[in-house]
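target_21.pdb (PDB, C-alpha atoms and all ligand atoms)
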ATOM      1  CA  MET A  30     318.337 110.281 269.952
ATOM      2  CA  LEU A  31     316.093 107.789 271.597
ATOM      3  CA  LEU A  32     312.720 109.187 272.425
ATOM      4  CA  ARG A  33     310.256 106.997 274.158
ATOM      5  CA  VAL A  34     306.584 107.641 274.431
ATOM      6  CA  ARG A  35     306.146 109.495 277.655
ATOM      7  CA  PRO A  36     305.524 107.313 280.676
ATOM      8  CA  PHE A  37     301.909 107.173 281.667
ATOM      9  CA  PRO A  38     301.040 107.541 285.223
ATOM     10  CA  SER A  39     297.374 107.692 286.979
ATOM     11  CA  PHE A  40     295.076 105.365 285.333
ATOM     12  CA  PRO A  41     291.498 106.444 285.903
ATOM     13  CA  PRO A  42     288.636 104.032 286.436
ATOM     14  CA  LEU A  43     287.118 102.856 283.181
ATOM     15  CA  SER A  44     283.785 104.339 282.344
ATOM     16  CA  THR A  45     282.828 103.837 278.723
ATOM     17  CA  SER A  46     279.705 105.895 279.401
ATOM     18  CA  ARG A  47     281.975 108.929 279.564
ATOM     19  CA  PHE A  48     282.338 108.572 275.826
ATOM     20  CA  SER A  49     278.654 107.952 275.191
ATOM     21  CA  ALA A  50     276.507 109.404 272.445
ATOM     22  CA  SER A  51     274.964 111.775 274.953
ATOM     23  CA  THR A  52     278.327 113.469 275.379
ATOM     24  CA  HIS A  53     278.475 114.043 271.634
ATOM     25  CA  ALA A  54     274.859 115.141 271.572
ATOM     26  CA  THR A  55     275.586 117.782 274.178
ATOM     27  CA  THR A  56     278.480 119.054 272.116
ATOM     28  CA  ALA A  57     276.438 119.040 268.917
ATOM     29  CA  ALA A  58     273.504 120.788 270.562
ATOM     30  CA  SER A  59     275.750 123.634 271.616
ATOM     31  CA  SER A  60     276.718 124.344 267.984
ATOM     32  CA  PRO A  61     274.811 127.410 266.847
ATOM     33  CA  THR A  62     272.707 127.171 263.693
ATOM     34  CA  THR A  63     272.669 130.955 263.221
ATOM     35  CA  PRO A  64     275.662 133.218 263.636
ATOM     36  CA  THR A  65     276.174 134.115 267.277
ATOM     37  CA  PRO A  66     279.150 135.489 269.100
ATOM     38  CA  PRO A  67     281.643 132.773 269.930
ATOM     39  CA  PRO A  68     281.183 131.417 273.448
ATOM     40  CA  PRO A  69     283.771 132.397 276.016
ATOM     41  CA  PRO A  70     286.567 129.836 276.364
ATOM     42  CA  GLN A  71     285.476 127.012 278.620
ATOM     43  CA  PRO A  72     287.824 125.182 280.927
ATOM     44  CA  ALA A  73     288.430 121.619 279.797
ATOM     45  CA  PRO A  74     286.039 119.205 281.496
ATOM     46  CA  PRO A  75     287.573 117.104 284.245
ATOM     47  CA  LEU A  76     287.540 114.033 282.026
ATOM     48  CA  VAL A  77     289.984 115.632 279.631
ATOM     49  CA  GLU A  78     292.264 116.638 282.450
ATOM     50  CA  THR A  79     292.277 113.377 284.280
ATOM     51  CA  ALA A  80     291.372 110.456 282.085
ATOM     52  CA  LEU A  81     292.367 110.822 278.472
ATOM     53  CA  TYR A  82     295.667 109.955 276.901
ATOM     54  CA  ILE A  83     296.640 113.070 274.999
ATOM     55  CA  PRO A  84     299.286 112.394 272.365
ATOM     56  CA  PRO A  85     302.136 114.607 271.256
ATOM     57  CA  GLY A  86     300.994 117.510 269.102
ATOM     58  CA  VAL A  87     297.687 118.042 270.913
ATOM     59  CA  ALA A  88     297.125 120.713 273.533
ATOM     60  CA  GLN A  89     294.860 119.668 276.358
ATOM     61  CA  ASP A  90     292.449 122.554 275.821
ATOM     62  CA  GLU A  91     291.878 121.687 272.168
ATOM     63  CA  VAL A  92     290.652 118.154 272.818
ATOM     64  CA  SER A  93     287.081 117.401 271.826
ATOM     65  CA  MET A  94     285.278 114.134 272.341
ATOM     66  CA  ASP A  95     285.182 113.306 268.638
ATOM     67  CA  MET A  96     288.994 113.056 268.795
ATOM     68  CA  VAL A  97     288.728 110.093 271.197
ATOM     69  CA  LEU A  98     288.917 106.613 269.722
ATOM     70  CA  PRO A  99     285.840 104.531 270.591
ATOM     71  CA  GLY A 100     286.308 102.050 273.423
ATOM     72  CA  SER A 101     289.469 103.751 274.594
ATOM     73  CA  ASN A 102     290.841 106.825 276.341
ATOM     74  CA  ILE A 103     293.081 107.652 273.391
ATOM     75  CA  VAL A 104     292.949 111.036 271.726
ATOM     76  CA  ILE A 105     293.970 111.059 268.084
ATOM     77  CA  GLY A 106     296.188 113.935 267.047
ATOM     78  CA  PRO A 107     298.006 115.303 264.014
ATOM     79  CA  TYR A 108     300.593 112.528 263.856
ATOM     80  CA  ALA A 109     297.998 109.837 263.140
ATOM     81  CA  GLY A 110     297.815 108.389 259.651
ATOM     82  CA  ASP A 111     298.907 105.524 257.437
ATOM     83  CA  ALA A 112     297.289 102.894 259.645
ATOM     84  CA  LYS A 113     296.648 100.231 257.004
ATOM     85  CA  VAL A 114     298.655  97.010 257.008
ATOM     86  CA  LYS A 115     299.536  96.313 253.380
ATOM     87  CA  SER A 116     302.319  93.799 253.793
ATOM     88  CA  VAL A 117     303.839  91.662 256.501
ATOM     89  CA  GLU A 118     307.064  89.675 256.378
ATOM     90  CA  PHE A 119     308.472  87.389 259.009
ATOM     91  CA  VAL A 120     312.042  88.554 259.633
ATOM     92  CA  LYS A 121     313.601  86.527 262.413
ATOM     93  CA  SER A 122     313.163  84.527 265.585
ATOM     94  CA  SER A 123     315.747  85.413 268.202
ATOM     95  CA  ALA A 124     316.630  83.258 271.163
ATOM     96  CA  LYS A 125     318.498  86.084 272.883
ATOM     97  CA  ALA A 126     317.803  89.788 273.087
ATOM     98  CA  LYS A 127     321.213  90.555 271.633
ATOM     99  CA  ASP A 128     320.376  88.459 268.547
ATOM    100  CA  CYS A 129     317.421  90.659 267.569
ATOM    101  CA  PRO A 130     317.751  92.178 264.109
ATOM    102  CA  ARG A 131     319.823  95.328 263.809
ATOM    103  CA  ASP A 132     318.083  97.468 261.254
ATOM    104  CA  PRO A 133     320.444  99.786 259.360
ATOM    105  CA  LEU A 134     317.454 101.971 258.522
ATOM    106  CA  GLY A 135     316.515 102.256 262.196
ATOM    107  CA  ARG A 136     312.906 101.379 261.531
ATOM    108  CA  PRO A 137     310.751 101.627 264.652
ATOM    109  CA  GLU A 138     309.117  98.742 266.455
ATOM    110  CA  PHE A 139     306.268  97.877 268.803
ATOM    111  CA  ALA A 140     306.586  95.002 271.240
ATOM    112  CA  VAL A 141     303.547  92.895 272.097
ATOM    113  CA  LEU A 142     303.557  91.153 275.442
ATOM    114  CA  GLY A 143     301.216  89.669 277.971
ATOM    115  CA  ARG A 144     300.411  86.628 280.010
ATOM    116  CA  SER A 145     300.305  83.331 278.230
ATOM    117  CA  ASN A 146     296.826  82.740 276.787
ATOM    118  CA  VAL A 147     295.971  86.451 276.905
ATOM    119  CA  GLY A 148     295.240  86.360 273.172
ATOM    120  CA  LYS A 149     298.561  87.727 271.945
ATOM    121  CA  SER A 150     298.912  85.507 268.884
ATOM    122  CA  SER A 151     295.273  86.099 267.968
ATOM    123  CA  LEU A 152     295.707  89.865 268.240
ATOM    124  CA  ILE A 153     298.862  89.877 266.118
ATOM    125  CA  ASN A 154     297.139  87.764 263.485
ATOM    126  CA  SER A 155     294.162  90.105 263.586
ATOM    127  CA  LEU A 156     296.316  93.227 263.273
ATOM    128  CA  VAL A 157     298.072  91.911 260.180
ATOM    129  CA  ARG A 158     294.948  90.115 258.926
ATOM    130  CA  LYS A 159     296.744  86.802 258.476
ATOM    131  CA  LYS A 160     295.585  83.611 260.064
ATOM    132  CA  GLU A 161     298.916  82.275 261.205
ATOM    133  CA  VAL A 162     301.556  84.949 261.250
ATOM    134  CA  ALA A 163     301.952  84.419 264.943
ATOM    135  CA  LEU A 164     300.936  80.841 265.466
ATOM    136  CA  THR A 165     298.212  80.665 268.051
ATOM    137  CA  SER A 166     299.921  78.830 270.818
ATOM    138  CA  LYS A 167     298.495  75.687 272.252
ATOM    139  CA  LYS A 168     301.332  74.949 274.643
ATOM    140  CA  PRO A 169     301.817  77.889 276.956
ATOM    141  CA  GLY A 170     305.394  78.917 277.357
ATOM    142  CA  LYS A 171     306.773  76.393 274.965
ATOM    143  CA  THR A 172     308.526  78.829 272.683
ATOM    144  CA  GLN A 173     310.783  81.419 274.255
ATOM    145  CA  LEU A 174     311.605  83.429 271.190
ATOM    146  CA  ILE A 175     311.401  87.035 270.139
ATOM    147  CA  ASN A 176     309.778  87.160 266.711
ATOM    148  CA  HIS A 177     310.165  90.168 264.446
ATOM    149  CA  PHE A 178     307.653  90.936 261.697
ATOM    150  CA  LEU A 179     308.205  93.769 259.236
ATOM    151  CA  ILE A 180     305.040  95.676 258.400
ATOM    152  CA  ASN A 181     304.724  97.703 255.189
ATOM    153  CA  LYS A 182     308.526  97.581 254.990
ATOM    154  CA  SER A 183     308.508 100.471 257.406
ATOM    155  CA  TRP A 184     307.998  99.266 260.983
ATOM    156  CA  TYR A 185     308.199  96.129 263.095
ATOM    157  CA  LEU A 186     305.747  94.237 265.225
ATOM    158  CA  VAL A 187     307.592  92.173 267.785
ATOM    159  CA  ASP A 188     306.043  89.119 269.379
ATOM    160  CA  LEU A 189     307.582  88.575 272.814
ATOM    161  CA  PRO A 190     307.316  85.385 274.861
ATOM    162  CA  GLY A 191     304.252  85.128 277.060
ATOM    163  CA  TYR A 192     304.774  85.346 280.787
ATOM    164  CA  GLY A 193     303.170  83.800 283.818
ATOM    165  CA  PHE A 194     302.161  80.491 282.315
ATOM    166  CA  ALA A 195     300.617  78.312 284.942
ATOM    167  CA  HIS A 196     302.284  75.092 283.921
ATOM    168  CA  ALA A 197     305.673  76.295 282.787
ATOM    169  CA  PRO A 198     308.716  75.032 284.587
ATOM    170  CA  ARG A 199     310.246  77.497 287.015
ATOM    171  CA  SER A 200     313.202  77.985 284.695
ATOM    172  CA  ALA A 201     310.886  79.276 281.955
ATOM    173  CA  LYS A 202     309.343  81.839 284.310
ATOM    174  CA  THR A 203     312.776  82.986 285.397
ATOM    175  CA  ASP A 204     313.856  83.270 281.800
ATOM    176  CA  TRP A 205     311.328  86.014 281.222
ATOM    177  CA  SER A 206     313.185  88.283 283.590
ATOM    178  CA  ALA A 207     316.525  87.980 281.912
ATOM    179  CA  PHE A 208     315.343  87.486 278.376
ATOM    180  CA  THR A 209     312.416  89.820 277.814
ATOM    181  CA  LYS A 210     313.647  92.451 280.216
ATOM    182  CA  GLY A 211     316.962  92.362 278.362
ATOM    183  CA  TYR A 212     315.086  93.131 275.177
ATOM    184  CA  PHE A 213     313.316  96.134 276.687
ATOM    185  CA  LEU A 214     316.394  97.595 278.289
ATOM    186  CA  ASN A 215     318.506  97.481 275.145
ATOM    187  CA  ARG A 216     316.168  98.165 272.268
ATOM    188  CA  ASP A 217     316.740 101.669 270.984
ATOM    189  CA  SER A 218     314.235 101.285 268.162
ATOM    190  CA  LEU A 219     311.353 100.474 270.501
ATOM    191  CA  VAL A 220     308.558 103.026 270.155
ATOM    192  CA  SER A 221     306.176 101.504 272.647
ATOM    193  CA  ALA A 222     304.963  98.248 274.143
ATOM    194  CA  LEU A 223     301.456  96.881 273.835
ATOM    195  CA  LEU A 224     300.720  95.262 277.185
ATOM    196  CA  LEU A 225     297.861  92.851 276.688
ATOM    197  CA  VAL A 226     295.449  92.272 279.562
ATOM    198  CA  ASP A 227     292.703  89.640 279.440
ATOM    199  CA  SER A 228     289.412  91.417 280.143
ATOM    200  CA  SER A 229     287.594  88.136 280.724
ATOM    201  CA  VAL A 230     289.389  87.375 283.986
ATOM    202  CA  PRO A 231     289.841  89.397 287.176
ATOM    203  CA  PRO A 232     293.033  91.458 287.420
ATOM    204  CA  GLN A 233     296.184  89.448 287.801
ATOM    205  CA  GLN A 234     299.049  90.650 289.949
ATOM    206  CA  ILE A 235     301.585  89.609 287.345
ATOM    207  CA  ASP A 236     300.089  92.063 284.813
ATOM    208  CA  LEU A 237     300.327  94.869 287.336
ATOM    209  CA  ASP A 238     303.900  93.878 288.094
ATOM    210  CA  CYS A 239     304.695  93.997 284.409
ATOM    211  CA  ALA A 240     303.098  97.436 283.977
ATOM    212  CA  ASN A 241     305.002  98.715 286.987
ATOM    213  CA  TRP A 242     308.249  97.345 285.683
ATOM    214  CA  LEU A 243     307.756  99.048 282.321
ATOM    215  CA  GLY A 244     306.835 102.301 284.043
ATOM    216  CA  ARG A 245     309.845 102.170 286.346
ATOM    217  CA  ASN A 246     312.087 101.688 283.342
ATOM    218  CA  ASN A 247     310.512 104.561 281.435
ATOM    219  CA  ILE A 248     309.180 102.347 278.682
ATOM    220  CA  GLY A 249     305.969 103.693 277.182
ATOM    221  CA  PHE A 250     303.130 101.234 276.865
ATOM    222  CA  THR A 251     299.488 100.939 275.948
ATOM    223  CA  PHE A 252     297.122  98.653 277.811
ATOM    224  CA  VAL A 253     295.349  96.542 275.216
ATOM    225  CA  PHE A 254     292.390  94.768 276.785
ATOM    226  CA  THR A 255     291.712  91.538 274.921
ATOM    227  CA  LYS A 256     288.638  89.295 274.544
ATOM    228  CA  CYS A 257     286.226  92.185 275.046
ATOM    229  CA  ASP A 258     283.606  90.250 273.073
ATOM    230  CA  LYS A 259     283.140  88.061 276.123
ATOM    231  CA  VAL A 260     280.335  89.925 277.790
ATOM    232  CA  ARG A 261     280.212  87.576 280.708
ATOM    233  CA  ALA A 262     283.489  86.486 282.107
ATOM    234  CA  SER A 263     284.264  83.697 284.485
ATOM    235  CA  LYS A 264     282.634  83.571 287.923
ATOM    236  CA  GLY A 265     279.698  85.648 286.760
ATOM    237  CA  LYS A 266     281.713  88.856 286.514
ATOM    238  CA  ARG A 267     281.300  91.115 283.521
ATOM    239  CA  SER A 268     284.374  92.102 281.550
ATOM    240  CA  ASP A 269     283.634  95.713 282.423
ATOM    241  CA  ASP A 270     283.986  94.856 286.090
ATOM    242  CA  ASN A 271     287.356  93.287 285.445
ATOM    243  CA  LEU A 272     288.530  96.339 283.521
ATOM    244  CA  LYS A 273     287.369  98.739 286.171
ATOM    245  CA  LYS A 274     289.007  96.716 288.907
ATOM    246  CA  PHE A 275     292.215  96.577 286.932
ATOM    247  CA  GLN A 276     292.260 100.312 286.462
ATOM    248  CA  ASP A 277     291.381 100.977 290.082
ATOM    249  CA  LEU A 278     294.271  98.805 291.182
ATOM    250  CA  ILE A 279     296.891 100.680 289.290
ATOM    251  CA  SER A 280     295.450 104.168 289.659
ATOM    252  CA  ASP A 281     297.677 104.825 292.646
ATOM    253  CA  HIS A 282     300.793 104.133 290.661
ATOM    254  CA  TYR A 283     300.409 106.629 287.864
ATOM    255  CA  GLN A 284     299.941 110.390 287.713
ATOM    256  CA  GLU A 285     298.901 110.619 284.061
ATOM    257  CA  PRO A 286     296.622 108.196 282.272
ATOM    258  CA  PRO A 287     298.264 105.539 280.174
ATOM    259  CA  PRO A 288     296.508 104.857 276.900
ATOM    260  CA  TRP A 289     294.122 101.919 276.964
ATOM    261  CA  ILE A 290     291.933 100.339 274.338
ATOM    262  CA  MET A 291     289.402  97.526 274.258
ATOM    263  CA  THR A 292     289.843  94.888 271.569
ATOM    264  CA  SER A 293     288.512  91.575 270.372
ATOM    265  CA  SER A 294     290.219  89.353 267.871
ATOM    266  CA  VAL A 295     286.899  87.589 267.322
ATOM    267  CA  THR A 296     284.838  90.633 266.310
ATOM    268  CA  GLY A 297     287.688  92.915 265.212
ATOM    269  CA  LEU A 298     286.745  95.452 267.886
ATOM    270  CA  GLY A 299     289.476  98.041 268.300
ATOM    271  CA  ARG A 300     291.724  96.658 265.575
ATOM    272  CA  ASP A 301     291.716  99.659 263.224
ATOM    273  CA  ASP A 302     291.718 102.075 266.134
ATOM    274  CA  LEU A 303     294.724 100.418 267.724
ATOM    275  CA  LEU A 304     296.590 100.637 264.402
ATOM    276  CA  LEU A 305     295.692 104.322 264.177
ATOM    277  CA  HIS A 306     297.004 104.905 267.689
ATOM    278  CA  MET A 307     300.200 103.073 266.808
ATOM    279  CA  SER A 308     300.581 105.230 263.694
ATOM    280  CA  GLN A 309     300.592 108.423 265.722
ATOM    281  CA  LEU A 310     303.162 107.070 268.163
ATOM    282  CA  ARG A 311     305.287 105.843 265.279
ATOM    283  CA  ASN A 312     305.079 109.008 263.183
ATOM    284  CA  TYR A 313     305.973 111.132 266.186
ATOM    285  CA  TRP A 314     308.889 108.827 266.991
ATOM    286  CA  ASP A 315     310.051 108.955 263.354
ATOM    287  CA  GLN A 316     310.102 112.709 263.469
ATOM    288  CA  GLU A 317     311.869 112.979 266.802
ATOM    289  CA  VAL A 318     314.580 110.372 266.366
ATOM    290  CA  VAL A 319     317.704 111.763 264.803
TER
HETATM  291  P1  LIG B   1     298.446  83.657 273.458
HETATM  292  O1  LIG B   1     298.881  82.468 274.243
HETATM  293  O2  LIG B   1     298.506  84.900 274.260
HETATM  294  O3  LIG B   1     299.135  83.790 272.130
HETATM  295  O4  LIG B   1     296.870  83.480 273.198
HETATM  296  P2  LIG B   1     296.110  82.924 271.925
HETATM  297  O5  LIG B   1     296.032  83.957 270.848
HETATM  298  O6  LIG B   1     296.693  81.603 271.568
HETATM  299  O7  LIG B   1     294.640  82.772 272.511
HETATM  300  C1  LIG B   1     294.390  82.006 273.651
HETATM  301  C2  LIG B   1     292.941  81.547 273.630
HETATM  302  O8  LIG B   1     292.076  82.670 273.734
HETATM  303  C3  LIG B   1     292.562  80.830 272.340
HETATM  304  O9  LIG B   1     291.666  79.790 272.662
HETATM  305  C4  LIG B   1     291.879  81.909 271.528
HETATM  306  O10 LIG B   1     290.920  81.378 270.627
HETATM  307  C5  LIG B   1     291.199  82.736 272.626
HETATM  308  N1  LIG B   1     291.061  84.135 272.226
HETATM  309  C6  LIG B   1     292.050  84.941 271.790
HETATM  310  N2  LIG B   1     291.582  86.166 271.511
HETATM  311  C7  LIG B   1     290.253  86.151 271.779
HETATM  312  C8  LIG B   1     289.200  87.132 271.673
HETATM  313  O11 LIG B   1     289.379  88.292 271.296
HETATM  314  N3  LIG B   1     287.942  86.726 272.072
HETATM  315  C9  LIG B   1     287.702  85.463 272.500
HETATM  316  N4  LIG B   1     286.441  85.178 272.845
HETATM  317  N5  LIG B   1     288.661  84.518 272.585
HETATM  318  C10 LIG B   1     289.925  84.857 272.235
END

What would the structure in this file look like if it were written as structure tokens?
Ligand code: GDP
Amino acid sequence: MLLRVRPFPSFPPLSTSRFSASTHATTAASSPTTPTPPPPPQPAPPLVETALYIPPGVAQDEVSMDMVLPGSNIVIGPYAGDAKVKSVEFVKSSAKAKDCPRDPLGRPEFAVLGRSNVGKSSLINSLVRKKEVALTSKKPGKTQLINHFLINKSWYLVDLPGYGFAHAPRSAKTDWSAFTKGYFLNRDSLVSALLLVDSSVPPQQIDLDCANWLGRNNIGFTFVFTKCDKVRASKGKRSDDNLKKFQDLISDHYQEPPPWIMTSSVTGLGRDDLLLHMSQLRNYWDQEVV
């Protein structure tokens, strides 16, 4: 049975302050130091109801803020674990979706996609801690291949062609539709996509289009904001402003929050947390797929 991560609808505005130390301090301060009767059950705060991504295995009313990964809206639940990358092997480059490896063991995979220059190769290299597993591209859109990497001999990371390159010939842009969409529509072993969004530039329509396309086709995805080390982005805008604008733009299109996480391949921000998030999606998928 194919089970995809549930589609994620209403994407709330980003407010990292929601996850600030003061929130934890409030929680900690309410812990009694001497035995007292347990407090009456409290309704979940609005944040939990509206903004967090709550994974399988977690009930909404049992979420506490220390279950939320830093710099994200992702709650970590009982399926999380085994997030270390111990080995990585390049498996295959495929020029067509139908040429992608068929794994007799049915091992699950995550697809990484985003606009050209979003930092996809850098993020993949950072996740697997190798300098050149995914060669950092210098010529946007040059290679239109689907690259499979086997991690820990148990799951795949799939590097998809970048989209929306400014200088690519029209044929290359068109190819993305047939080629990458073909991959998504026919890949039973896909657990989830990681949709990379460059936090150092204002929201781009093509990223929203991509997110909408994935949503329409019931393909689970996580927004991975890249380059979050760049405090000041172009045109004097802070990265935070870009993120908030991005989330505001898509908030109308979703009824439940998609998972999102801030990363930097320069500082390593979000790397371990993203792997932990992927582990819970993967372990749940492993259990559910017959
Ligand atoms: P790709 O085309 O999506 O594979 O993007 P690359 O990984 O080749 O990165 C594009 C450019 O962005 C390169 O100049 C990288 O050095 C830079 N870059 C990638 N990730 C980061 C990051 O996290 N922070 C910063 N400051 N620059 C980054």

**Prompt:** What lies within 12 Å of segment 150-154 of chain A using all atoms listed in the file, ignoring chain neighbours under 2 positions off, as a PyMOL selection string?
**Reply:** chain A and resi 114+117+139-148+156-167+169+176-178+180+185-191+223-227+253-257+291-301+303-304

**Request:** Apply the PyMOL selection byres (((chain A and resi 84) around 9) and not hetatm) to the displayed file and report the matching residues as a list in words.
**Result:**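 On the file shown, the PyMOL selection byres (((chain A and resi 84) around 9) and not hetatm) covers Val34, Tyr82, Ile83, Pro85, Gly86, Val87, Ala88, Ile103, Val104, Ile105, Gly106, Pro107, Tyr108, Gln309 and Leu310 of chain A.
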
**Message:** When you count only C-alpha atoms and all ligand atoms, which of these residues is closest to ligand LIG 1 (chain B): A:Tyr192, A:Tyr313, A:Tyr283, A:Phe252?
**Reply:**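 So, comparing all the options, the nearest one is A:Tyr192.
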
**Request:** Using the chain letters and residue numbers of this document, give as a list in words the residues selected by the PyMOL selection byres (((chain A and resi 308) around 7) and not hetatm).
**Result:**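 Written out, the selection comes to Ala109, Gly110, Asp111, Ala112, Leu304, Leu305, His306, Met307, Gln309, Leu310, Arg311 and Asn312 of chain A.
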
Result set, the PyMOL selection byres (((chain A and resi 216) around 10) and not hetatm) on current file, as a short mmCIF file (atom, residue, chain, number, x, y, z; two decimals) with C-alpha atoms, in the coordinates of the input:
data_model
loop_
_atom_site.label_atom_id
_atom_site.label_comp_id
_atom_site.auth_asym_id
_atom_site.auth_seq_id
_atom_site.Cartn_x
_atom_site.Cartn_y
_atom_site.Cartn_z
CA LEU A 31 316.09 107.79 271.60
CA ALA A 126 317.80 89.79 273.09
CA LYS A 127 321.21 90.56 271.63
CA CYS A 129 317.42 90.66 267.57
CA ARG A 131 319.82 95.33 263.81
CA PRO A 137 310.75 101.63 264.65
CA GLU A 138 309.12 98.74 266.46
CA GLY A 211 316.96 92.36 278.36
CA TYR A 212 315.09 93.13 275.18
CA PHE A 213 313.32 96.13 276.69
CA LEU A 214 316.39 97.60 278.29
CA ASN A 215 318.51 97.48 275.14
CA ASP A 217 316.74 101.67 270.98
CA SER A 218 314.24 101.28 268.16
CA LEU A 219 311.35 100.47 270.50
CA VAL A 220 308.56 103.03 270.15
#
